[in-house]
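**Q** Input structure06.cif, format and content: mmCIF, C-alpha atoms and all ligand atoms.
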data_run
loop_
_atom_site.group_PDB
_atom_site.id
_atom_site.type_symbol
_atom_site.label_atom_id
_atom_site.label_comp_id
_atom_site.auth_asym_id
_atom_site.auth_seq_id
_atom_site.Cartn_x
_atom_site.Cartn_y
_atom_site.Cartn_z
ATOM 1 C CA MET A 1 -11.017 -43.702 27.984
ATOM 2 C CA LYS A 2 -8.902 -40.650 28.736
ATOM 3 C CA THR A 3 -6.388 -39.476 26.201
ATOM 4 C CA MET A 4 -3.096 -37.971 27.288
ATOM 5 C CA PRO A 5 -2.861 -34.246 26.573
ATOM 6 C CA LEU A 6 -0.832 -33.108 23.581
ATOM 7 C CA ASN A 7 -0.384 -29.554 24.788
ATOM 8 C CA PRO A 8 -0.370 -29.365 28.600
ATOM 9 C CA ASP A 9 0.658 -26.127 30.336
ATOM 10 C CA LEU A 10 0.991 -26.614 34.079
ATOM 11 C CA HIS A 11 2.152 -23.259 35.473
ATOM 12 C CA CYS A 12 0.804 -19.755 34.839
ATOM 13 C CA HIS A 13 -0.472 -16.646 36.631
ATOM 14 C CA SER A 14 -3.586 -14.482 36.791
ATOM 15 C CA THR A 15 -4.437 -11.111 38.368
ATOM 16 C CA VAL A 16 -4.928 -12.995 41.646
ATOM 17 C CA SER A 17 -1.123 -12.841 41.876
ATOM 18 C CA ASP A 18 1.160 -11.064 39.395
ATOM 19 C CA GLY A 19 -0.346 -12.039 36.047
ATOM 20 C CA TRP A 20 -1.965 -9.471 33.750
ATOM 21 C CA LEU A 21 -5.104 -11.475 32.823
ATOM 22 C CA ALA A 22 -8.070 -12.367 35.031
ATOM 23 C CA PRO A 23 -8.456 -16.121 35.697
ATOM 24 C CA ALA A 24 -11.191 -16.548 33.058
ATOM 25 C CA GLU A 25 -9.083 -14.605 30.529
ATOM 26 C CA VAL A 26 -6.111 -16.897 31.197
ATOM 27 C CA VAL A 27 -8.340 -19.891 30.468
ATOM 28 C CA ALA A 28 -9.708 -18.316 27.276
ATOM 29 C CA ARG A 29 -6.212 -17.516 26.006
ATOM 30 C CA ALA A 30 -4.984 -21.031 26.840
ATOM 31 C CA ALA A 31 -7.922 -22.578 24.978
ATOM 32 C CA ALA A 32 -7.342 -20.281 21.971
ATOM 33 C CA ASN A 33 -3.669 -21.333 21.961
ATOM 34 C CA GLY A 34 -4.606 -25.010 21.841
ATOM 35 C CA VAL A 35 -3.768 -25.926 25.448
ATOM 36 C CA ASP A 36 -5.590 -29.154 26.369
ATOM 37 C CA LEU A 37 -4.621 -29.393 30.066
ATOM 38 C CA LEU A 38 -4.124 -26.181 32.051
ATOM 39 C CA ALA A 39 -3.027 -25.502 35.626
ATOM 40 C CA LEU A 40 -3.394 -22.016 37.115
ATOM 41 C CA THR A 41 -0.650 -21.603 39.734
ATOM 42 C CA ASP A 42 -0.811 -18.169 41.327
ATOM 43 C CA HIS A 43 1.851 -17.246 43.888
ATOM 44 C CA ASP A 44 0.813 -18.308 47.412
ATOM 45 C CA GLU A 45 -2.888 -17.860 46.507
ATOM 46 C CA THR A 46 -5.730 -20.092 45.399
ATOM 47 C CA GLY A 47 -8.363 -17.340 45.047
ATOM 48 C CA GLY A 48 -8.494 -17.575 41.242
ATOM 49 C CA LEU A 49 -9.093 -21.299 40.963
ATOM 50 C CA ALA A 50 -12.897 -21.323 41.205
ATOM 51 C CA ALA A 51 -13.329 -18.732 38.438
ATOM 52 C CA ALA A 52 -10.727 -20.461 36.250
ATOM 53 C CA ALA A 53 -12.337 -23.874 36.773
ATOM 54 C CA ALA A 54 -15.771 -22.472 35.871
ATOM 55 C CA ALA A 55 -14.394 -20.863 32.705
ATOM 56 C CA ALA A 56 -12.575 -24.078 31.799
ATOM 57 C CA ARG A 57 -15.803 -26.082 32.186
ATOM 58 C CA THR A 58 -17.571 -23.703 29.817
ATOM 59 C CA GLN A 59 -14.754 -23.995 27.279
ATOM 60 C CA GLY A 60 -14.404 -27.785 27.639
ATOM 61 C CA LEU A 61 -10.773 -27.384 28.709
ATOM 62 C CA ALA A 62 -9.304 -29.828 31.246
ATOM 63 C CA PHE A 63 -8.236 -27.799 34.279
ATOM 64 C CA VAL A 64 -5.905 -28.648 37.187
ATOM 65 C CA PRO A 65 -6.100 -26.474 40.326
ATOM 66 C CA GLY A 66 -2.609 -25.371 41.332
ATOM 67 C CA VAL A 67 -0.513 -22.972 43.381
ATOM 68 C CA GLU A 68 3.118 -21.770 43.392
ATOM 69 C CA VAL A 69 4.501 -21.622 46.929
ATOM 70 C CA SER A 70 7.399 -19.292 47.821
ATOM 71 C CA VAL A 71 10.122 -21.123 49.771
ATOM 72 C CA SER A 72 13.365 -19.947 51.378
ATOM 73 C CA TRP A 73 16.121 -22.482 50.899
ATOM 74 C CA ALA A 74 19.851 -21.893 51.487
ATOM 75 C CA GLU A 75 19.731 -18.096 50.961
ATOM 76 C CA GLU A 76 17.762 -18.553 47.735
ATOM 77 C CA THR A 77 14.057 -18.225 47.009
ATOM 78 C CA VAL A 78 12.817 -21.452 45.458
ATOM 79 C CA HIS A 79 9.309 -21.932 44.060
ATOM 80 C CA ILE A 80 7.370 -25.155 44.545
ATOM 81 C CA VAL A 81 4.314 -25.662 42.362
ATOM 82 C CA GLY A 82 1.498 -27.829 43.728
ATOM 83 C CA LEU A 83 -0.643 -29.506 41.059
ATOM 84 C CA GLY A 84 -4.066 -31.031 41.653
ATOM 85 C CA ILE A 85 -4.542 -29.464 45.086
ATOM 86 C CA ASP A 86 -7.739 -29.242 47.059
ATOM 87 C CA ALA A 87 -7.718 -25.495 47.710
ATOM 88 C CA ALA A 88 -10.147 -25.926 50.613
ATOM 89 C CA ASN A 89 -7.709 -28.090 52.550
ATOM 90 C CA PRO A 90 -7.169 -26.365 55.932
ATOM 91 C CA VAL A 91 -3.476 -27.316 56.193
ATOM 92 C CA LEU A 92 -2.672 -25.791 52.802
ATOM 93 C CA ASP A 93 -4.912 -22.796 53.451
ATOM 94 C CA ALA A 94 -3.233 -22.004 56.781
ATOM 95 C CA GLY A 95 0.225 -22.444 55.251
ATOM 96 C CA LEU A 96 -0.511 -20.113 52.351
ATOM 97 C CA ARG A 97 -1.974 -17.500 54.716
ATOM 98 C CA GLN A 98 1.254 -17.581 56.686
ATOM 99 C CA VAL A 99 3.378 -17.143 53.551
ATOM 100 C CA ARG A 100 1.216 -14.277 52.278
ATOM 101 C CA SER A 101 1.434 -12.427 55.576
ATOM 102 C CA GLY A 102 5.163 -11.913 55.003
ATOM 103 C CA ARG A 103 4.463 -10.041 51.769
ATOM 104 C CA ASP A 104 2.837 -6.940 53.290
ATOM 105 C CA GLU A 105 5.739 -6.175 55.558
ATOM 106 C CA ARG A 106 8.253 -6.880 52.791
ATOM 107 C CA ALA A 107 6.405 -4.500 50.442
ATOM 108 C CA ARG A 108 6.525 -1.696 53.036
ATOM 109 C CA ARG A 109 10.211 -2.288 53.690
ATOM 110 C CA MET A 110 11.005 -2.365 49.964
ATOM 111 C CA SER A 111 9.196 0.941 49.523
ATOM 112 C CA ASP A 112 11.048 2.474 52.509
ATOM 113 C CA ALA A 113 14.393 1.255 51.164
ATOM 114 C CA LEU A 114 13.697 2.801 47.757
ATOM 115 C CA ALA A 115 12.544 6.056 49.417
ATOM 116 C CA GLU A 116 15.962 6.259 51.091
ATOM 117 C CA ARG A 117 17.404 6.304 47.569
ATOM 118 C CA GLY A 118 15.089 9.149 46.612
ATOM 119 C CA ILE A 119 12.384 7.072 44.904
ATOM 120 C CA HIS A 120 9.186 7.906 46.790
ATOM 121 C CA GLY A 121 5.672 6.465 46.869
ATOM 122 C CA VAL A 122 6.617 3.124 45.371
ATOM 123 C CA LEU A 123 4.272 1.043 47.537
ATOM 124 C CA GLU A 124 1.265 3.131 46.446
ATOM 125 C CA GLY A 125 2.500 2.886 42.852
ATOM 126 C CA ALA A 126 2.959 -0.889 43.024
ATOM 127 C CA LEU A 127 -0.510 -1.288 44.545
ATOM 128 C CA LYS A 128 -2.026 0.301 41.411
ATOM 129 C CA TYR A 129 -0.797 -2.772 39.539
ATOM 130 C CA ALA A 130 -1.816 -5.308 42.198
ATOM 131 C CA ARG A 131 -5.392 -6.406 41.524
ATOM 132 C CA ASN A 132 -5.193 -8.443 44.739
ATOM 133 C CA PRO A 133 -3.828 -6.232 47.541
ATOM 134 C CA ALA A 134 -3.089 -9.358 49.626
ATOM 135 C CA LEU A 135 -0.556 -10.422 47.032
ATOM 136 C CA VAL A 136 1.955 -7.695 46.253
ATOM 137 C CA SER A 137 4.822 -9.084 44.225
ATOM 138 C CA ARG A 138 8.134 -7.641 43.134
ATOM 139 C CA ALA A 139 6.601 -7.819 39.641
ATOM 140 C CA HIS A 140 4.143 -5.057 40.674
ATOM 141 C CA PHE A 141 7.029 -2.947 41.975
ATOM 142 C CA ALA A 142 8.865 -3.505 38.694
ATOM 143 C CA ARG A 143 5.868 -2.343 36.644
ATOM 144 C CA TYR A 144 5.610 0.899 38.613
ATOM 145 C CA LEU A 145 9.368 1.528 38.461
ATOM 146 C CA VAL A 146 9.187 1.105 34.661
ATOM 147 C CA GLU A 147 6.219 3.511 34.593
ATOM 148 C CA ILE A 148 8.194 6.250 36.362
ATOM 149 C CA GLY A 149 11.226 5.714 34.129
ATOM 150 C CA CYS A 150 13.693 4.063 36.549
ATOM 151 C CA ALA A 151 14.571 1.540 33.845
ATOM 152 C CA PRO A 152 13.208 0.652 30.394
ATOM 153 C CA SER A 153 11.924 -2.845 31.220
ATOM 154 C CA ALA A 154 10.900 -5.029 34.147
ATOM 155 C CA GLY A 155 13.995 -7.159 33.583
ATOM 156 C CA GLU A 156 16.263 -4.092 33.913
ATOM 157 C CA VAL A 157 14.392 -2.924 37.019
ATOM 158 C CA PHE A 158 14.988 -6.313 38.623
ATOM 159 C CA ARG A 159 18.682 -6.243 37.718
ATOM 160 C CA HIS A 160 19.279 -2.753 39.123
ATOM 161 C CA TYR A 161 16.814 -2.504 42.001
ATOM 162 C CA LEU A 162 15.036 -5.669 43.087
ATOM 163 C CA VAL A 163 17.533 -8.526 43.359
ATOM 164 C CA ARG A 164 19.807 -9.350 46.290
ATOM 165 C CA GLY A 165 22.400 -6.628 46.843
ATOM 166 C CA LYS A 166 20.313 -3.930 45.101
ATOM 167 C CA PRO A 167 18.566 -1.012 46.848
ATOM 168 C CA GLY A 168 15.001 -2.356 46.757
ATOM 169 C CA PHE A 169 15.814 -5.907 47.838
ATOM 170 C CA VAL A 170 14.517 -6.966 51.238
ATOM 171 C CA GLU A 171 15.218 -10.371 52.747
ATOM 172 C CA THR A 172 12.035 -12.360 53.471
ATOM 173 C CA GLN A 173 11.446 -15.656 55.237
ATOM 174 C CA TRP A 174 9.117 -17.664 53.025
ATOM 175 C CA ALA A 175 7.991 -21.232 53.809
ATOM 176 C CA ARG A 176 10.530 -23.979 54.547
ATOM 177 C CA LEU A 177 10.923 -26.516 51.750
ATOM 178 C CA ASP A 178 9.548 -29.400 53.821
ATOM 179 C CA GLU A 179 6.577 -27.288 54.958
ATOM 180 C CA ALA A 180 5.586 -26.307 51.416
ATOM 181 C CA VAL A 181 5.865 -29.902 50.191
ATOM 182 C CA GLY A 182 3.884 -31.090 53.216
ATOM 183 C CA TRP A 183 1.060 -28.580 52.675
ATOM 184 C CA ILE A 184 0.739 -29.572 49.018
ATOM 185 C CA ARG A 185 0.734 -33.282 49.847
ATOM 186 C CA ALA A 186 -1.801 -32.703 52.655
ATOM 187 C CA ALA A 187 -4.077 -31.105 50.040
ATOM 188 C CA GLY A 188 -3.714 -34.117 47.737
ATOM 189 C CA GLY A 189 -1.409 -32.305 45.324
ATOM 190 C CA VAL A 190 1.781 -33.233 43.485
ATOM 191 C CA PRO A 191 4.733 -30.989 44.520
ATOM 192 C CA VAL A 192 6.908 -29.882 41.577
ATOM 193 C CA VAL A 193 10.117 -27.797 41.638
ATOM 194 C CA ALA A 194 9.358 -24.747 39.476
ATOM 195 C CA HIS A 195 11.829 -23.392 36.873
ATOM 196 C CA PRO A 196 14.947 -24.976 38.458
ATOM 197 C CA GLY A 197 17.170 -23.370 35.819
ATOM 198 C CA ARG A 198 16.525 -19.936 37.328
ATOM 199 C CA TYR A 199 18.090 -20.498 40.726
ATOM 200 C CA ARG A 200 21.585 -19.270 41.434
ATOM 201 C CA LEU A 201 22.722 -22.632 42.766
ATOM 202 C CA SER A 202 25.808 -24.676 41.922
ATOM 203 C CA ASP A 203 25.262 -28.191 40.570
ATOM 204 C CA ALA A 204 26.171 -29.549 44.011
ATOM 205 C CA GLN A 205 23.587 -27.272 45.668
ATOM 206 C CA MET A 206 20.962 -28.243 43.078
ATOM 207 C CA GLU A 207 21.561 -31.893 43.899
ATOM 208 C CA THR A 208 21.230 -31.155 47.616
ATOM 209 C CA LEU A 209 17.972 -29.295 46.909
ATOM 210 C CA LEU A 210 16.531 -32.136 44.812
ATOM 211 C CA ALA A 211 17.535 -34.741 47.402
ATOM 212 C CA ALA A 212 15.911 -32.688 50.207
ATOM 213 C CA PHE A 213 12.817 -32.170 48.039
ATOM 214 C CA VAL A 214 12.446 -35.922 47.404
ATOM 215 C CA ASP A 215 13.088 -36.625 51.091
ATOM 216 C CA ALA A 216 10.287 -34.248 52.061
ATOM 217 C CA GLY A 217 7.847 -35.964 49.686
ATOM 218 C CA GLY A 218 8.434 -33.928 46.507
ATOM 219 C CA GLN A 219 7.504 -35.675 43.272
ATOM 220 C CA GLY A 220 8.162 -33.578 40.173
ATOM 221 C CA VAL A 221 10.323 -31.016 38.418
ATOM 222 C CA GLU A 222 9.674 -28.588 35.581
ATOM 223 C CA VAL A 223 11.956 -29.929 32.880
ATOM 224 C CA VAL A 224 10.435 -27.723 30.189
ATOM 225 C CA SER A 225 9.829 -24.169 31.438
ATOM 226 C CA GLY A 226 9.304 -20.827 29.726
ATOM 227 C CA SER A 227 12.607 -19.754 31.266
ATOM 228 C CA HIS A 228 14.675 -22.817 30.223
ATOM 229 C CA SER A 229 17.079 -22.891 27.268
ATOM 230 C CA ALA A 230 17.486 -26.186 25.358
ATOM 231 C CA THR A 231 20.635 -26.849 27.416
ATOM 232 C CA LYS A 232 18.686 -26.452 30.661
ATOM 233 C CA VAL A 233 15.910 -28.728 29.382
ATOM 234 C CA GLY A 234 18.558 -31.425 28.791
ATOM 235 C CA LYS A 235 20.148 -30.823 32.177
ATOM 236 C CA PHE A 236 16.881 -31.071 34.125
ATOM 237 C CA ALA A 237 15.738 -34.079 32.101
ATOM 238 C CA ARG A 238 18.863 -35.836 33.384
ATOM 239 C CA TYR A 239 18.122 -34.726 36.954
ATOM 240 C CA ALA A 240 14.497 -35.916 36.640
ATOM 241 C CA ARG A 241 15.695 -39.380 35.603
ATOM 242 C CA ARG A 242 18.390 -39.496 38.277
ATOM 243 C CA TYR A 243 16.064 -38.467 41.118
ATOM 244 C CA GLY A 244 13.041 -40.407 39.851
ATOM 245 C CA LEU A 245 11.009 -37.209 39.449
ATOM 246 C CA LEU A 246 7.926 -36.723 37.292
ATOM 247 C CA ALA A 247 8.524 -34.196 34.515
ATOM 248 C CA SER A 248 6.402 -31.096 33.973
ATOM 249 C CA ARG A 249 5.949 -28.691 31.049
ATOM 250 C CA ALA A 250 5.071 -25.142 31.955
ATOM 251 C CA SER A 251 5.167 -21.677 30.369
ATOM 252 C CA ASP A 252 5.016 -19.667 33.653
ATOM 253 C CA PHE A 253 3.003 -17.194 31.573
ATOM 254 C CA HIS A 254 2.324 -13.824 33.279
ATOM 255 C CA GLY A 255 1.213 -11.669 30.347
ATOM 256 C CA VAL A 256 1.721 -11.002 26.669
ATOM 257 C CA GLU A 257 4.261 -8.234 27.125
ATOM 258 C CA GLU A 258 6.066 -9.748 30.081
ATOM 259 C CA SER A 259 6.517 -13.388 29.126
ATOM 260 C CA ALA A 260 8.846 -14.800 26.497
ATOM 261 C CA VAL A 261 6.704 -17.911 26.075
ATOM 262 C CA ASP A 262 2.933 -17.756 25.608
ATOM 263 C CA LEU A 263 0.453 -20.254 27.062
ATOM 264 C CA GLY A 264 0.873 -23.661 25.411
ATOM 265 C CA ARG A 265 3.912 -22.609 23.380
ATOM 266 C CA CYS A 266 6.630 -24.521 25.276
ATOM 267 C CA ASP A 267 8.679 -27.241 23.638
ATOM 268 C CA PRO A 268 7.579 -30.847 24.163
ATOM 269 C CA LEU A 269 9.104 -32.934 26.962
ATOM 270 C CA PRO A 270 12.227 -34.874 25.954
ATOM 271 C CA ALA A 271 11.812 -38.640 25.592
ATOM 272 C CA GLY A 272 12.403 -41.084 28.426
ATOM 273 C CA LEU A 273 10.627 -39.100 31.165
ATOM 274 C CA THR A 274 7.437 -39.815 33.084
ATOM 275 C CA PRO A 275 5.117 -36.841 32.483
ATOM 276 C CA VAL A 276 3.541 -35.440 35.635
ATOM 277 C CA TRP A 277 0.139 -35.392 33.884
ATOM 278 C CA GLU A 278 0.062 -39.186 34.061
ATOM 279 C CA ARG A 279 -0.682 -38.531 37.765
ATOM 280 C CA LEU A 280 -3.315 -35.944 36.951
ATOM 281 C CA THR A 281 -5.689 -38.139 34.944
ATOM 282 C CA ASP A 282 -8.700 -37.098 37.104
ATOM 283 C CA TYR A 283 -8.714 -33.777 35.297
ATOM 284 C CA MET A 284 -8.615 -35.088 31.741
ATOM 285 C CA ILE A 285 -11.776 -35.065 29.650
HETATM 286 P P1 LIG A 301 8.136 -12.115 44.488
HETATM 287 O O1 LIG A 301 7.413 -13.423 44.632
HETATM 288 O O2 LIG A 301 7.335 -10.964 45.005
HETATM 289 O O3 LIG A 301 9.536 -12.137 44.994
HETATM 290 O O4 LIG A 301 8.231 -11.812 42.933
HETATM 291 C C1 LIG A 301 8.738 -12.768 42.062
HETATM 292 C C2 LIG A 301 8.134 -12.508 40.696
HETATM 293 O O5 LIG A 301 8.814 -11.429 40.072
HETATM 294 C C3 LIG A 301 8.317 -13.680 39.749
HETATM 295 O O6 LIG A 301 7.283 -14.614 39.893
HETATM 296 C C4 LIG A 301 8.233 -12.998 38.407
HETATM 297 O O7 LIG A 301 6.884 -12.724 38.104
HETATM 298 C C5 LIG A 301 8.904 -11.672 38.664
HETATM 299 N N1 LIG A 301 10.340 -11.677 38.320
HETATM 300 C C6 LIG A 301 11.353 -12.230 39.009
HETATM 301 N N2 LIG A 301 12.539 -11.993 38.399
HETATM 302 C C7 LIG A 301 12.245 -11.281 37.293
HETATM 303 C C8 LIG A 301 13.033 -10.712 36.250
HETATM 304 N N3 LIG A 301 14.359 -10.831 36.215
HETATM 305 N N4 LIG A 301 12.389 -10.032 35.268
HETATM 306 C C9 LIG A 301 11.048 -9.884 35.286
HETATM 307 N N5 LIG A 301 10.258 -10.392 36.255
HETATM 308 C C10 LIG A 301 10.853 -11.079 37.237
HETATM 309 MN MN MN A 302 5.354 -14.042 39.179
HETATM 310 MN MN MN A 303 8.263 -18.753 40.064
HETATM 311 MN MN MN A 304 5.361 -18.674 38.304
#
Starting from the coordinates I provided, produce the structure as structure tokens.
Ligand code: AMP
Ligand code: MN
Ligand code: MN
Ligand code: MN
**A**
Amino acid sequence: MKTMPLNPDLHCHSTVSDGWLAPAEVVARAAANGVDLLALTDHDETGGLAAAAAAARTQGLAFVPGVEVSVSWAEETVHIVGLGIDAANPVLDAGLRQVRSGRDERARRMSDALAERGIHGVLEGALKYARNPALVSRAHFARYLVEIGCAPSAGEVFRHYLVRGKPGFVETQWARLDEAVGWIRAAGGVPVVAHPGRYRLSDAQMETLLAAFVDAGGQGVEVVSGSHSATKVGKFARYARRYGLLASRASDFHGVEESAVDLGRCDPLPAGLTPVWERLTDYMI
């Protein structure tokens, strides 16, 4: 008889993308924090899942293999988490390869754009922070720009350099929404809209996004996220009910210094929602 988890955390990052901890260290920290169901969801990469799963087995922690796919939707980057994926699935693997290939060129163009503003060598600097050279994220750029004193924090670097309209921002074509959902479903996973409260979308656009997501085969939404205020939790709980979406709870932890919410330290889900982990019972121990 499986018992439902009391402290699930279904979205976080390791050094395989832009987290600070190696996959096994993420698992150890989650276990120490009392997490009882963990998903590792690196950006566009599944390379950390085997090590995390092995560490979770040793610790007796229930572990869900996941991924966070970068999607371009209506001029905005939207992230779709896939939970319970088979990382060996060739459809998902080919899709993720395609998404990752856009990152190298973007990183070079970001570095060139910053060089035009007199900030040189940023790609080399960012690569010092990228443990996985196939996955260079704006987070790695931000860390280097903090190091050389461009701004006091990663948040400030993003605001002044790395978001749309700022000197280091470069437009990228990520996956289409229906492609990302399709790859996750092909790999047996549950597609979940990540941190919906972070997107710069009007309520009408958010509703269009959720309708398109459901149409494509999407199934869940992060109601509780490390980046959601109580107001946003309430708002996305209402959307989850209205669109018949499963509700997820996720810190989006990247590292102790960089994340407001630690592994397993999110608020509980509001009442009246169907938790996404009810669909993930295979992983419970
Ligand atoms: P990318 O996928 O390369 O565009 O990078 C996105 C990543 O940058 C996110 O997953 C976060 O780790 C980080 N990020 C985005 N916005 C911010 C911000 N305002 N402050 C700090 N980190 C951010
Ligand atoms: Mn990230
Ligand atoms: Mn994200
Ligand atoms: Mn994330």
**Q** Give me the residues within 12 Å of segment 198-200 of chain A as a PyMOL selection string, counting all atoms listed in the file and dropping any in the same chain fewer than 5 places off.
**A** chain A and resi 72-79+163-164+193+205-206+209+222-223+225-229+232-233+236
**Q** Write the residues you've just listed into a file as a PDB file, keeping the file's coordinate frame, and include C-alpha atoms for each of them.
**A**
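Contents of the output file result-v8.pdb:
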ATOM      1  CA  SER A  72      13.365 -19.947  51.378  1.00  0.00           C
ATOM      2  CA  TRP A  73      16.121 -22.482  50.899  1.00  0.00           C
ATOM      3  CA  ALA A  74      19.851 -21.893  51.487  1.00  0.00           C
ATOM      4  CA  GLU A  75      19.731 -18.096  50.961  1.00  0.00           C
ATOM      5  CA  GLU A  76      17.762 -18.553  47.735  1.00  0.00           C
ATOM      6  CA  THR A  77      14.057 -18.225  47.009  1.00  0.00           C
ATOM      7  CA  VAL A  78      12.817 -21.452  45.458  1.00  0.00           C
ATOM      8  CA  HIS A  79       9.309 -21.932  44.060  1.00  0.00           C
ATOM      9  CA  VAL A 163      17.533  -8.526  43.359  1.00  0.00           C
ATOM     10  CA  ARG A 164      19.807  -9.350  46.290  1.00  0.00           C
ATOM     11  CA  VAL A 193      10.117 -27.797  41.638  1.00  0.00           C
ATOM     12  CA  GLN A 205      23.587 -27.272  45.668  1.00  0.00           C
ATOM     13  CA  MET A 206      20.962 -28.243  43.078  1.00  0.00           C
ATOM     14  CA  LEU A 209      17.972 -29.295  46.909  1.00  0.00           C
ATOM     15  CA  GLU A 222       9.674 -28.588  35.581  1.00  0.00           C
ATOM     16  CA  VAL A 223      11.956 -29.929  32.880  1.00  0.00           C
ATOM     17  CA  SER A 225       9.829 -24.169  31.438  1.00  0.00           C
ATOM     18  CA  GLY A 226       9.304 -20.827  29.726  1.00  0.00           C
ATOM     19  CA  SER A 227      12.607 -19.754  31.266  1.00  0.00           C
ATOM     20  CA  HIS A 228      14.675 -22.817  30.223  1.00  0.00           C
ATOM     21  CA  SER A 229      17.079 -22.891  27.268  1.00  0.00           C
ATOM     22  CA  LYS A 232      18.686 -26.452  30.661  1.00  0.00           C
ATOM     23  CA  VAL A 233      15.910 -28.728  29.382  1.00  0.00           C
ATOM     24  CA  PHE A 236      16.881 -31.071  34.125  1.00  0.00           C
TER      25      PHE A 236
END
**Q** Counting all atoms listed in the file, what residues are within 6 Å of ligand LIG 301 (chain A), given as a tab-separated table (two decimals) with C-alpha atoms, in the coordinates of the input?
**A**
chain	number	residue	atom	x	y	z
A	137	SER	CA	4.82	-9.08	44.22
A	138	ARG	CA	8.13	-7.64	43.13
A	139	ALA	CA	6.60	-7.82	39.64
A	154	ALA	CA	10.90	-5.03	34.15
A	155	GLY	CA	14.00	-7.16	33.58
A	158	PHE	CA	14.99	-6.31	38.62
**Q** Hey, could you pull the box centre and edge lengths for segment 164-169 of chain A, axis-aligned, 3 Å padding per side, all listed atoms, to one decimal in Å, as AutoDock Vina command-line options?
**A**
--center_x 18.7 --center_y -5.2 --center_z 46.5 --size_x 13.4 --size_y 14.3 --size_z 8.7
**Q** Could the residues that lie within 7 Å of ligand MN 302 (chain A), counting only C-alpha atoms and all ligand atoms, be listed as a ChimeraX atom specification?
**A** /A:13,18-19,43,139,254
**Q** Name the residues that the PyMOL selection byres (((chain A and resi 82) around 10) and not hetatm) pulls out of this structure, and write them as a PyMOL selection string.
**A** chain A and resi 10-11+39+41+64-69+79-81+83-86+180-181+183-185+187-194+218-220
**Q** Select, counting only C-alpha atoms, all protein, DNA and RNA residues no farther than 12 Å from (9.6, -3.5, 29.7) in file coordinates, and express the selection as a PyMOL selection string.
**A** chain A and resi 139+142-158+255-260
**Q** Give the answer as one residue: which of A:Glu25, A:Glu207, A:Asp44, A:Asp252 has the shortest atom-to-atom distance to ligand MN 304 (chain A), using all atoms listed in the file?
**A** A:Asp252
**Q** For the file shown, report as a list in words the outcome of the PyMOL selection byres (((chain A and resi 125) around 9) and not hetatm) at residue level.
**A**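 Applying the expression gives Gly121, Val122, Leu123, Glu124, Ala126, Leu127, Lys128, Tyr129, His140, Phe141, Arg143, Tyr144 and Leu145 of chain A.
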**Q** Interatomic distance between atom CA of Lys235 of chain A and atom CA of Ala247 of chain A?
**A**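 Between these atoms lies a distance of 12.3 Å.
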**Q** For a test of reading the model, state the distance in Å between atom CA of Gly48 of chain A and atom CA of Val27 of chain A, rounded to one decimal.
**A** 11.0 Å
**Q** Just want the 10 Å neighbourhood of Gly244 of chain A, counted on only C-alpha atoms, with same-chain residues fewer than 5 positions away dropped. Output as a ChimeraX atom specification.
**A** /A:214,219-221,238-239,273-274
**Q** What is the atom CA of Gly102 of chain A to atom CA of Thr172 of chain A distance in Å?
**A**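 Result for atom CA of Gly102 of chain A versus atom CA of Thr172 of chain A: 7.1 Å, one decimal.
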**Q** Using all atoms listed in the file, can you tell me which of A:Ser14, A:Pro275, A:Arg57, A:Asn33 comes closest to ligand MN 304 (chain A)?
**A**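 Answer, going by the shortest atom-to-atom distance: A:Ser14.
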**Q** Name the closest residue to Ala107 of chain A among the candidates A:Leu92, A:Gly60, A:Ala87, A:Phe169; distances are taken between atoms, counting all atoms listed in the file.
**A**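 Of the candidates, the smallest distance to Ala107 of chain A is held by A:Phe169.
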**Q** Mind checking which residues fall within 9 Å of Ala56 of chain A, counting all atoms listed in the file, ignoring those fewer than 5 positions away in the same chain, and posting them as a list in words?
**A**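 Here the qualifying residues turn out to be Ala24, Val27, Ala28, Ala31, Leu38, Ala51, Leu61, Ala62 and Phe63 of chain A.
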